[in-house]
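A.B. asks: Once you've had a glance at the structure underneath, I'll fire off some questions.
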Protein chains: 2
Amino acid sequence: MVYYHVIYDMSTKQIQIKELEKLNKLLRYWILDMTTIAGSGHPTSSLSAVELMSTLMYSGVFRFDVKEVDNANNDRLIFSKGHASPLFYSLWAGAGAIPVADLNIFRKFDSNLEGHPTMRFPFTEAATGSLGQGLSVGVGMAMAQKKLDKTNARTYVLLGDSEMAEGQVWEAMNLASYYELGNLVAVVDVNRLGQRGETMLGHDVAKYAERARAFGWRTVVVDGHNVDELMRVYTDMIGSHKKPLMVIAKTYKGKGISFLEDKYSWHGKTLSKQEFLEATIELGDIDFDVRGEISKPGTNVEMHSEKDIVETRLIASIQGNDNGEYATRDAYGNTLVEMMQDDEKIVVLDAEVSNSTRSEAVKDFYPERFFEMFIAEQNMVSVAVGLSRRGYKPFVSTFAAFMTRAHDQIRMAGLSESNITFVGSHAGVSIGEDGGSQMGLADISMFRAIFGSAVLYPSDVVSASKLLKLVSGASDISYIRTTREKTITLYNDDEKFVIGGSKVLRSSKKDVAVVIAAGITVHEALKAYEILQMKDINIRVIDLYSIKPIDTEILLESIGNIEQIIVVEDHYVEGGIGESVESALIDICPVISHLAVRKMPRSGTPEELLQYVKINYSAIVDEVYKLNNKKEKYDR
Amino acid sequence: MVYYHVIYDMSTKQIQIKELEKLNKLLRYWILDMTTIAGSGHPTSSLSAVELMSTLMYSGVFRFDVKEVDNANNDRLIFSKGHASPLFYSLWAGAGAIPVADLNIFRKFDSNLEGHPTMRFPFTEAATGSLGQGLSVGVGMAMAQKKLDKTNARTYVLLGDSEMAEGQVWEAMNLASYYELGNLVAVVDVNRLGQRGETMLGHDVAKYAERARAFGWRTVVVDGHNVDELMRVYTDMIGSHKKPLMVIAKTYKGKGISFLEDKYSWHGKTLSKQEFLEATIELGDIDFDVRGEISKPGTNVEMHSEKDIVETRLIASIQGNDNGEYATRDAYGNTLVEMMQDDEKIVVLDAEVSNSTRSEAVKDFYPERFFEMFIAEQNMVSVAVGLSRRGYKPFVSTFAAFMTRAHDQIRMAGLSESNITFVGSHAGVSIGEDGGSQMGLADISMFRAIFGSAVLYPSDVVSASKLLKLVSGASDISYIRTTREKTITLYNDDEKFVIGGSKVLRSSKKDVAVVIAAGITVHEALKAYEILQMKDINIRVIDLYSIKPIDTEILLESIGNIEQIIVVEDHYVEGGIGESVESALIDICPVISHLAVRKMPRSGTPEELLQYVKINYSAIVDEVYKLNNKKEKYDR
């Protein structure tokens, strides 16, 4: 095995092109080979970016320690065009970081090389595949490197030209120039062809450059297949700058294989065995032993870490009204300040409403860890993914209603196994006069349907503060719903809360019904209790502050043998608290059993996946056996 | 009452400034008066745009027949910055289109003048209030005017500078220049101040202009408070052009009142009685009788209407596999062609995946009614809102997974009472190798939680085709979930389907369980049936093709007295088919009753709204009474 470190000769401005071209040929072979074996995938979208990425990775420009993925001095590489995964995996194989044999199980059920990069592959920075999100993730990582870790590390993002139509890309560009992320480099693979035809701008690379410059970026237009030119650009233009750099590369989809190159209707299509043979013949002699070496990152740069000392403000200092009532949103800012004192990994992002969500409270104490994201929720969420993947704990806030703006990004955050706490204020109709457009009425439904999420809904400042502290430890997507209205305080400071838990607030032996409420409706339930008391009717009142997960045992215990349950929520019926309770209490209503997707999805054949998540015929057969107390199991 | 039609003298390039300035003073008075009475709202954000909008509306530039709102020759005016509703309502009062007295019930529970414009106000083109969507709605309306109605009408959109950070705005600008919408005029109110402080670009109007030009727009920078200058711009630059126009106006938030003008922390804040008095003193003498006249639209322009004649392709012509199996997505394009022949209001939008969703089939037959929206789902949905509000029936398609990208826009489409059919393909884990990022697993949950939506999930080509035809009549948000995999055909062409319905596919007296499935899992249920048959175990199989609404009676009848129900779905547990069924069958599990938001939200006090949607204490009390068979009702 011959490892080439493709060296750039500053004096002659030449690199050892020959070696790199051998490597590029091998990369092309692997891309075609693995997709032909898999029978699916995106070979042509990978072929157009071979030179763009190999020149970056094997020339000493990209610095990464494959033995120490989490080294803060590592550069980061994100494939925003996740469908170019064959190239992505081949690059790491080409660096000897993964066995070449792994490429042959691309897209197979048990392989870590999925159709689009996921966290199951060791060198994936964040799951991609929903286009137009990678640059935002890169912004988050570049922010972590420059503003928090204070290293000289850089972040590189490969974008497709089709995804430049996604507004989120321009949100990211806007913010990157605002925060002067000179350590961020975007490489746009302008191969002209989208999935179904030509892109909006085709090969008009000048137009891309004009737009990027208008958004405050440095730009350079290159021939994306000219290794020498790419080398000059990477070496001359990447350095310490205030402005981020966009490399706009004119390329050809399917480059290198005549019958694929710049041809329509080859998107996401693989070669037949015969076509594969023709392609390999066209590639000519291939050196299977050639490899590229990735430079190690600098070690001289020490990670920045200093503990700021501030006075903790107490919840008591929250502004209440004359009746001593407080809004749960008010607990947010104050509790953050308290938590940030003990955990320097906590960072706060807000979409230009910090005075409403109350996250503004942290600005006075930790200005360096508060990031104003302006009114661009999609970018905010993907930036949080980038920060989270780099070891920070983002707390992300805006109105509950506007969290829906970033549903797809939150979905991908879940697939990226990020640790992010979302705080949605102004939830429900109880915000009043501002009207429907400002009311979060589907936020619980949305966050419940995010893989591995926790959904919490405090009813007073004490529980709000305690729940915030609880989730910061949790290692997945958490959502906390806060209320704009001021309400009375229900709990003492020593009250204990657990994720999954609930509280019985009123209870007696004579209870005729159980009212399950959360947040604002807990207070309505308590008013109802008082009124019914006067009629000598007793009800039990439960504060279901943990909507997902629900600890069914605790809940059933609280309900006891009472026959009537009333769920009341400030949210639409669909996917809300009521349906969450109905799912949880299915045991006391044992006629319904429910087979659905309860595992994180992955690549595989349709049959394998239906079986894996247990929604296929055999799972149904087994369920029927079970319900009819049959011992046997269906043997596939 | 004196109606001034502010006339522009082409020769002298002068307008009757004096009259317009009287009007502007009155508008400012109304804005302050109505918000002070309401005690909430956004006066300062309204004051900055007074000249921008009054000059447009009362100068003869804006053409609109207040007696005939739906006249296709009318220009359209959209307040993307919906929080400037005090100005919006005042402008129509200033034109004599609504009684001035209405302004006094701004934001009251029963008023049509809600906090942000909704369809309850007769001159609202589309509900706004979630920022960054109005320009896309305007693109849809400008497309309707230019490409479909073929009128000379124009669309005007007022944008705030804060919302320029939303990527969707740039998606809209991108598409507007691509489709050469010279009849679209964006007016950006650059008042420098957002909610919590200065915007990203502050008063750097040149930067906005540079970006807009890079996106293919004509731009002009103006003093937004100089009526004469505005008049020149509107008259000289609006005409027949290929490029859309962006008027970038430097303005001051709170303009006209010294203690509000360009001041921080006045966003969304109203004046005290005392401050209101000071403000009116500063305004000086006000002529309460002055009004402006809106020009009538041209009537010479006839609406374009011709019926194309094409051969209808039959479902039989769909490409099946050797076993005669078809994918439900394949029914989509073919059925559209069939429907478009009979209904010329149907238009088709797709986000660059028409070859996957199969909407591409219509391109050959109705190229003028197919709009390629490229990879920009947010813009696509809001454009569909614009088209729908102008009387068209958009069918909007992309992967089910990527529908989540536009959750907030779909939410606002519901509040805009639009008639849009969404078709999401590649649903569920059954798409296989592409992996989790491409799998729609929360789409049912999302669409169920859209106000007034219908959610349908066909299991074969026949039902897919029939359900498409069913929803096109429905006047709200419909979602149809299609499958990538080819499956057998279950129904004959004469089978009847209804929204809310379900089908019993297998049934006998000996059934031990009911399996409720939809889409792909119906086929799994049928396989399970066969296997169990061999063991002499009978199950009933129900195809629940209508997930929302569910006709509970039909379903209960189909279930009969069978004690075990198994729901199986290719979707996450949360908010999916199972929870939909659990909600529907709550009657056979009568322990749970569920109070939640079942009405479209609106403006009002928190108390009024909790009562209106019946989730407050009195609703709980009444529910307890009901459950305990008490006659009495709680009297508030």
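Residues in the structure tokens are named by chain (A, B, ... in the order shown) and by number from 1 within that chain; ligands are numbered from 1 in the order shown.
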Using only C-alpha atoms, which residues sit within 10 Å of Val512 of chain A once same-chain residues fewer than 6 positions away are excluded, as a PyMOL selection string?
C.D. replies: (chain A and resi 537-540+561-565) or (chain B and resi 624+627-628)
A.B. asks: Go ahead and save the picked residues with all heavy atoms, as a short mmCIF file (atom, residue, chain, number, x, y, z; two decimals), in the first residue's frame.
C.D. replies:
data_model
loop_
_atom_site.label_atom_id
_atom_site.label_comp_id
_atom_site.auth_asym_id
_atom_site.auth_seq_id
_atom_site.Cartn_x
_atom_site.Cartn_y
_atom_site.Cartn_z
N ILE A 537 -68.81 18.28 45.00
CA ILE A 537 -68.33 17.29 44.03
C ILE A 537 -66.80 17.33 44.04
O ILE A 537 -66.20 18.40 43.94
CB ILE A 537 -68.84 17.61 42.60
CG1 ILE A 537 -70.36 17.57 42.57
CG2 ILE A 537 -68.25 16.64 41.58
CD1 ILE A 537 -70.97 18.07 41.28
N ASN A 538 -66.18 16.18 44.22
CA ASN A 538 -64.72 16.14 44.28
C ASN A 538 -64.11 15.63 42.98
O ASN A 538 -64.59 14.65 42.41
CB ASN A 538 -64.25 15.21 45.42
CG ASN A 538 -64.54 15.82 46.77
OD1 ASN A 538 -65.65 16.29 47.02
ND2 ASN A 538 -63.54 15.85 47.61
N ILE A 539 -63.08 16.31 42.52
CA ILE A 539 -62.32 15.81 41.37
C ILE A 539 -60.84 15.74 41.74
O ILE A 539 -60.36 16.46 42.61
CB ILE A 539 -62.47 16.71 40.12
CG1 ILE A 539 -62.06 18.15 40.41
CG2 ILE A 539 -63.89 16.65 39.59
CD1 ILE A 539 -61.96 19.03 39.17
N ARG A 540 -60.17 14.83 41.08
CA ARG A 540 -58.72 14.72 41.24
C ARG A 540 -58.07 15.54 40.13
O ARG A 540 -58.54 15.54 38.99
CB ARG A 540 -58.30 13.25 41.13
CG ARG A 540 -56.86 12.97 41.52
CD ARG A 540 -56.68 11.50 41.84
NE ARG A 540 -57.52 11.13 42.98
CZ ARG A 540 -57.67 9.87 43.41
NH1 ARG A 540 -57.05 8.89 42.77
NH2 ARG A 540 -58.44 9.61 44.43
N ASN A 561 -58.85 3.94 40.93
CA ASN A 561 -60.02 3.24 40.36
C ASN A 561 -61.10 4.22 39.92
O ASN A 561 -62.27 3.86 39.81
CB ASN A 561 -60.58 2.24 41.39
CG ASN A 561 -60.84 2.95 42.72
OD1 ASN A 561 -60.75 4.19 42.78
ND2 ASN A 561 -61.13 2.18 43.74
N ILE A 562 -60.72 5.45 39.71
CA ILE A 562 -61.70 6.44 39.25
C ILE A 562 -62.05 6.15 37.79
O ILE A 562 -61.16 5.85 36.98
CB ILE A 562 -61.16 7.87 39.40
CG1 ILE A 562 -60.84 8.14 40.86
CG2 ILE A 562 -62.15 8.88 38.86
CD1 ILE A 562 -60.09 9.41 41.09
N GLU A 563 -63.33 6.25 37.46
CA GLU A 563 -63.76 5.76 36.15
C GLU A 563 -63.74 6.80 35.05
O GLU A 563 -63.76 6.47 33.88
CB GLU A 563 -65.16 5.14 36.27
CG GLU A 563 -65.10 3.70 36.76
CD GLU A 563 -66.48 3.14 37.00
OE1 GLU A 563 -67.46 3.84 36.71
OE2 GLU A 563 -66.58 2.00 37.48
N GLN A 564 -63.74 8.06 35.45
CA GLN A 564 -63.79 9.10 34.42
C GLN A 564 -62.51 9.91 34.38
O GLN A 564 -62.05 10.40 35.40
CB GLN A 564 -64.98 10.03 34.68
CG GLN A 564 -66.34 9.33 34.56
CD GLN A 564 -66.56 8.71 33.19
OE1 GLN A 564 -65.85 9.03 32.24
NE2 GLN A 564 -67.51 7.81 33.10
N ILE A 565 -61.96 10.03 33.16
CA ILE A 565 -60.75 10.84 32.97
C ILE A 565 -61.06 11.96 31.99
O ILE A 565 -61.63 11.71 30.92
CB ILE A 565 -59.59 9.98 32.42
CG1 ILE A 565 -59.27 8.85 33.39
CG2 ILE A 565 -58.36 10.84 32.15
CD1 ILE A 565 -58.39 7.78 32.79
N VAL B 624 -67.62 17.49 33.87
CA VAL B 624 -67.81 16.64 35.07
C VAL B 624 -69.30 16.41 35.31
O VAL B 624 -69.74 15.29 35.55
CB VAL B 624 -67.16 17.30 36.31
CG1 VAL B 624 -67.50 16.51 37.57
CG2 VAL B 624 -65.65 17.38 36.14
N LEU B 627 -70.52 13.87 32.71
CA LEU B 627 -70.07 12.50 32.99
C LEU B 627 -70.83 11.89 34.16
O LEU B 627 -71.01 10.69 34.24
CB LEU B 627 -68.57 12.49 33.27
CG LEU B 627 -67.67 12.86 32.08
CD1 LEU B 627 -66.21 12.95 32.51
CD2 LEU B 627 -67.82 11.84 30.96
N ASN B 628 -71.28 12.74 35.07
CA ASN B 628 -72.02 12.23 36.22
C ASN B 628 -73.52 12.41 36.04
O ASN B 628 -74.27 12.51 37.01
CB ASN B 628 -71.50 12.91 37.49
CG ASN B 628 -70.06 12.53 37.77
OD1 ASN B 628 -69.79 11.50 38.37
ND2 ASN B 628 -69.12 13.34 37.26
#
A.B. asks: Out of segment 174-246 of chain B, which residues get helix (DSSP H, G or I) from DSSP, as a VMD selection string?
C.D. replies: chain B and resid 174 to 178 205 to 214 227 to 237
A.B. asks: Measure the distance from atom CA of Leu181 of chain A to atom CA of Lys67 of chain A in Å and round it to one decimal.
C.D. replies: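 Taking atom CA of Leu181 of chain A as the start and atom CA of Lys67 of chain A as the end point, the length is 26.9 Å.
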A.B. asks: Just want the 10 Å neighbourhood of Ser463 of chain B, counted on only C-alpha atoms, with same-chain residues fewer than 6 positions away dropped. Output as an mmCIF file with all heavy atoms, in the first residue's frame.
C.D. replies:
data_model
loop_
_atom_site.group_PDB
_atom_site.id
_atom_site.type_symbol
_atom_site.label_atom_id
_atom_site.label_comp_id
_atom_site.auth_asym_id
_atom_site.auth_seq_id
_atom_site.Cartn_x
_atom_site.Cartn_y
_atom_site.Cartn_z
ATOM 1 N N THR B 328 -48.913 3.767 -5.867
ATOM 2 C CA THR B 328 -49.988 4.775 -5.768
ATOM 3 C C THR B 328 -49.507 6.124 -6.307
ATOM 4 O O THR B 328 -50.284 6.906 -6.832
ATOM 5 C CB THR B 328 -50.460 4.938 -4.311
ATOM 6 O OG1 THR B 328 -49.341 5.246 -3.480
ATOM 7 C CG2 THR B 328 -51.125 3.669 -3.813
ATOM 8 N N ALA B 331 -50.434 6.811 -9.813
ATOM 9 C CA ALA B 331 -51.805 7.241 -10.121
ATOM 10 C C ALA B 331 -51.908 8.767 -10.123
ATOM 11 O O ALA B 331 -52.771 9.338 -10.777
ATOM 12 C CB ALA B 331 -52.772 6.668 -9.091
ATOM 13 N N LEU B 456 -55.640 11.683 3.775
ATOM 14 C CA LEU B 456 -56.036 10.454 3.085
ATOM 15 C C LEU B 456 -54.801 9.656 2.680
ATOM 16 O O LEU B 456 -53.770 10.232 2.336
ATOM 17 C CB LEU B 456 -56.860 10.805 1.840
ATOM 18 C CG LEU B 456 -58.055 11.732 2.094
ATOM 19 C CD1 LEU B 456 -58.676 12.186 0.778
ATOM 20 C CD2 LEU B 456 -59.092 11.051 2.965
ATOM 21 N N TYR B 457 -54.944 8.322 2.731
ATOM 22 C CA TYR B 457 -53.786 7.456 2.490
ATOM 23 C C TYR B 457 -54.236 6.235 1.688
ATOM 24 O O TYR B 457 -54.629 5.225 2.259
ATOM 25 C CB TYR B 457 -53.205 7.048 3.849
ATOM 26 C CG TYR B 457 -51.884 6.318 3.846
ATOM 27 C CD1 TYR B 457 -51.113 6.161 2.694
ATOM 28 C CD2 TYR B 457 -51.392 5.793 5.035
ATOM 29 C CE1 TYR B 457 -49.904 5.499 2.730
ATOM 30 C CE2 TYR B 457 -50.175 5.122 5.083
ATOM 31 C CZ TYR B 457 -49.437 4.981 3.932
ATOM 32 O OH TYR B 457 -48.231 4.319 3.990
ATOM 33 N N LYS B 469 -59.661 12.682 -6.825
ATOM 34 C CA LYS B 469 -60.830 13.356 -7.408
ATOM 35 C C LYS B 469 -61.757 13.859 -6.303
ATOM 36 O O LYS B 469 -62.354 14.933 -6.421
ATOM 37 C CB LYS B 469 -61.568 12.404 -8.340
ATOM 38 C CG LYS B 469 -60.774 12.094 -9.605
ATOM 39 C CD LYS B 469 -61.434 10.996 -10.440
ATOM 40 C CE LYS B 469 -60.578 10.649 -11.639
ATOM 41 N NZ LYS B 469 -61.078 9.448 -12.350
ATOM 42 N N THR B 489 -53.406 -4.240 -7.004
ATOM 43 C CA THR B 489 -54.619 -3.434 -7.041
ATOM 44 C C THR B 489 -55.715 -4.143 -6.258
ATOM 45 O O THR B 489 -55.948 -5.334 -6.456
ATOM 46 C CB THR B 489 -55.057 -3.215 -8.501
ATOM 47 O OG1 THR B 489 -53.975 -2.611 -9.215
ATOM 48 C CG2 THR B 489 -56.272 -2.304 -8.566
ATOM 49 N N LEU B 490 -56.350 -3.401 -5.346
ATOM 50 C CA LEU B 490 -57.328 -4.011 -4.434
ATOM 51 C C LEU B 490 -58.764 -3.748 -4.853
ATOM 52 O O LEU B 490 -59.666 -4.501 -4.522
ATOM 53 C CB LEU B 490 -57.126 -3.467 -3.021
ATOM 54 C CG LEU B 490 -55.747 -3.692 -2.384
ATOM 55 C CD1 LEU B 490 -55.635 -2.892 -1.096
ATOM 56 C CD2 LEU B 490 -55.524 -5.177 -2.116
ATOM 57 N N TYR B 491 -58.979 -2.647 -5.584
ATOM 58 C CA TYR B 491 -60.346 -2.204 -5.848
ATOM 59 C C TYR B 491 -60.665 -2.202 -7.333
ATOM 60 O O TYR B 491 -59.783 -2.027 -8.174
ATOM 61 C CB TYR B 491 -60.565 -0.807 -5.259
ATOM 62 C CG TYR B 491 -60.397 -0.750 -3.761
ATOM 63 C CD1 TYR B 491 -59.264 -0.160 -3.190
ATOM 64 C CD2 TYR B 491 -61.347 -1.306 -2.908
ATOM 65 C CE1 TYR B 491 -59.098 -0.112 -1.812
ATOM 66 C CE2 TYR B 491 -61.184 -1.261 -1.528
ATOM 67 C CZ TYR B 491 -60.066 -0.664 -0.992
ATOM 68 O OH TYR B 491 -59.905 -0.622 0.366
ATOM 69 N N ASN B 492 -61.964 -2.366 -7.620
ATOM 70 C CA ASN B 492 -62.445 -2.220 -9.001
ATOM 71 C C ASN B 492 -62.726 -0.760 -9.280
ATOM 72 O O ASN B 492 -62.950 0.026 -8.358
ATOM 73 C CB ASN B 492 -63.730 -3.025 -9.202
ATOM 74 C CG ASN B 492 -63.500 -4.488 -8.891
ATOM 75 O OD1 ASN B 492 -62.417 -5.020 -9.150
ATOM 76 N ND2 ASN B 492 -64.507 -5.118 -8.291
ATOM 77 N N ASP B 493 -62.769 -0.415 -10.553
ATOM 78 C CA ASP B 493 -62.965 0.985 -10.933
ATOM 79 C C ASP B 493 -64.306 1.537 -10.465
ATOM 80 O O ASP B 493 -64.483 2.746 -10.380
ATOM 81 C CB ASP B 493 -62.848 1.135 -12.463
ATOM 82 C CG ASP B 493 -61.405 0.944 -12.927
ATOM 83 O OD1 ASP B 493 -60.524 0.902 -12.035
ATOM 84 O OD2 ASP B 493 -61.176 0.820 -14.134
ATOM 85 N N GLU B 495 -65.647 1.019 -7.504
ATOM 86 C CA GLU B 495 -65.677 1.113 -6.033
ATOM 87 C C GLU B 495 -65.899 2.567 -5.607
ATOM 88 O O GLU B 495 -65.359 3.491 -6.202
ATOM 89 C CB GLU B 495 -64.347 0.598 -5.454
ATOM 90 C CG GLU B 495 -64.329 0.446 -3.948
ATOM 91 C CD GLU B 495 -65.026 -0.827 -3.464
ATOM 92 O OE1 GLU B 495 -64.958 -1.838 -4.162
ATOM 93 O OE2 GLU B 495 -65.659 -0.752 -2.390
ATOM 94 N N LYS B 496 -66.751 2.737 -4.557
ATOM 95 C CA LYS B 496 -67.046 4.103 -4.094
ATOM 96 C C LYS B 496 -66.227 4.443 -2.852
ATOM 97 O O LYS B 496 -66.090 3.610 -1.954
ATOM 98 C CB LYS B 496 -68.543 4.229 -3.761
ATOM 99 C CG LYS B 496 -69.468 4.019 -4.956
ATOM 100 C CD LYS B 496 -69.853 5.346 -5.605
ATOM 101 C CE LYS B 496 -70.649 5.115 -6.888
ATOM 102 N NZ LYS B 496 -69.814 4.386 -7.927
ATOM 103 N N PHE B 497 -65.712 5.661 -2.793
ATOM 104 C CA PHE B 497 -64.951 6.131 -1.634
ATOM 105 C C PHE B 497 -65.534 7.458 -1.141
ATOM 106 O O PHE B 497 -66.046 8.242 -1.941
ATOM 107 C CB PHE B 497 -63.480 6.326 -1.996
ATOM 108 C CG PHE B 497 -62.778 5.050 -2.357
ATOM 109 C CD1 PHE B 497 -62.858 4.540 -3.653
ATOM 110 C CD2 PHE B 497 -62.059 4.341 -1.416
ATOM 111 C CE1 PHE B 497 -62.227 3.351 -3.992
ATOM 112 C CE2 PHE B 497 -61.420 3.158 -1.741
ATOM 113 C CZ PHE B 497 -61.507 2.662 -3.033
ATOM 114 N N GLY B 519 -52.651 2.378 3.468
ATOM 115 C CA GLY B 519 -51.509 2.431 2.565
ATOM 116 C C GLY B 519 -50.757 1.112 2.507
ATOM 117 O O GLY B 519 -51.354 0.036 2.404
ATOM 118 N N TYR B 545 -58.573 4.323 4.735
ATOM 119 C CA TYR B 545 -57.948 5.254 3.779
ATOM 120 C C TYR B 545 -58.159 6.710 4.173
ATOM 121 O O TYR B 545 -57.421 7.577 3.772
ATOM 122 C CB TYR B 545 -58.459 4.982 2.367
ATOM 123 C CG TYR B 545 -59.958 5.149 2.197
ATOM 124 C CD1 TYR B 545 -60.518 6.399 2.013
ATOM 125 C CD2 TYR B 545 -60.803 4.027 2.232
ATOM 126 C CE1 TYR B 545 -61.903 6.544 1.852
ATOM 127 C CE2 TYR B 545 -62.169 4.168 2.081
ATOM 128 C CZ TYR B 545 -62.712 5.427 1.893
ATOM 129 O OH TYR B 545 -64.074 5.575 1.755
#
A.B. asks: Within 9 Å of Trp266 of chain A, counting only C-alpha atoms, which residues show up once you throw out same-chain ones fewer than 3 positions away? Write them as a list in words, please.
C.D. replies: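 Those residues are His42, Pro43, Thr44, Gln195, Lys253, Gly254, Leu260, Lys263, Lys269 and Thr270 of chain A.
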A.B. asks: Write out, as a tab-separated table (two decimals), in the first residue's frame, the residues just selected, with N, CA and C atoms.
C.D. replies:
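Result written to result-v9.tsv:
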chain	number	residue	atom	x	y	z
A	42	HIS	N	-26.36	7.46	-5.85
A	42	HIS	CA	-26.19	8.62	-6.73
A	42	HIS	C	-24.76	8.73	-7.26
A	43	PRO	N	-24.39	7.86	-8.21
A	43	PRO	CA	-23.01	7.92	-8.72
A	43	PRO	C	-22.67	9.22	-9.44
A	44	THR	N	-23.58	9.71	-10.30
A	44	THR	CA	-23.21	10.88	-11.11
A	44	THR	C	-23.02	12.13	-10.25
A	195	GLN	N	-32.34	16.93	-10.12
A	195	GLN	CA	-32.90	15.59	-10.22
A	195	GLN	C	-33.66	15.40	-11.52
A	253	LYS	N	-21.79	16.75	-14.12
A	253	LYS	CA	-22.37	15.59	-13.46
A	253	LYS	C	-21.95	14.34	-14.24
A	254	GLY	N	-21.53	13.32	-13.52
A	254	GLY	CA	-21.10	12.09	-14.18
A	254	GLY	C	-19.71	12.19	-14.80
A	260	LEU	N	-22.16	9.18	-19.19
A	260	LEU	CA	-22.84	9.77	-18.04
A	260	LEU	C	-22.66	11.29	-18.00
A	263	LYS	N	-25.14	14.36	-18.82
A	263	LYS	CA	-26.34	13.79	-19.45
A	263	LYS	C	-27.55	13.87	-18.52
A	269	LYS	N	-29.42	7.27	-10.50
A	269	LYS	CA	-29.51	6.01	-11.24
A	269	LYS	C	-28.16	5.31	-11.23
A	270	THR	N	-28.19	3.99	-11.12
A	270	THR	CA	-26.94	3.23	-11.08
A	270	THR	C	-26.75	2.48	-12.39
A.B. asks: Smallest atom-to-atom distance to Phe288 of chain A: which of A:Gln168, A:Ser45, A:Asn24, A:Ser356, using only C-alpha atoms?
C.D. replies: A:Asn24
A.B. asks: With distances taken over only C-alpha atoms, which of B:Ser459, B:Asn174, B:Thr280, B:Asn104 is nearest to chain A?
C.D. replies: B:Asn174
A.B. asks: Using only C-alpha atoms, pick whichever of A:Ser425, A:Asn355, A:Ser265, A:Gln341 has the shortest atom-to-atom distance to chain B.
C.D. replies: A:Asn355
A.B. asks: Nearest residue to Phe106 of chain B out of B:Leu158, B:Val597, B:Ile488, B:Leu87, using only C-alpha atoms?
C.D. replies: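 Among the listed residues, the smallest separation from Phe106 of chain B belongs to B:Leu87.
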A.B. asks: Any idea what's packed within 12 Å of Lys22 of chain A, counting only C-alpha atoms, ignoring anything in its chain fewer than 3 positions away? Could you give it as a list of chain:residue names?
C.D. replies: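 With the cut-off at 12 Å, the set is A:Val2, A:Tyr3, A:Tyr4, A:Val6, A:Gln16, A:Ile17, A:Lys18, A:Glu19, A:Lys25, A:Leu26, A:Leu27, A:Arg28, A:Tyr29, A:Val50, A:Glu51, A:Ser54, A:Gly94, A:Leu283, A:Gly284, A:Asp285, A:Ile286, A:Asp287, A:Phe288, A:Asp289, A:Val290, A:Arg291, A:Gly292.
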A.B. asks: Find the residues near Glu582 of chain A: any atom within 12 Å, counting only C-alpha atoms, skip ones fewer than 4 places away on the same chain, and give them as a PyMOL selection string.
C.D. replies: (chain A and resi 516+547+550+552+555-556+565-567+573-578+586-590+592-594) or (chain B and resi 573-575+578-586+589-594)
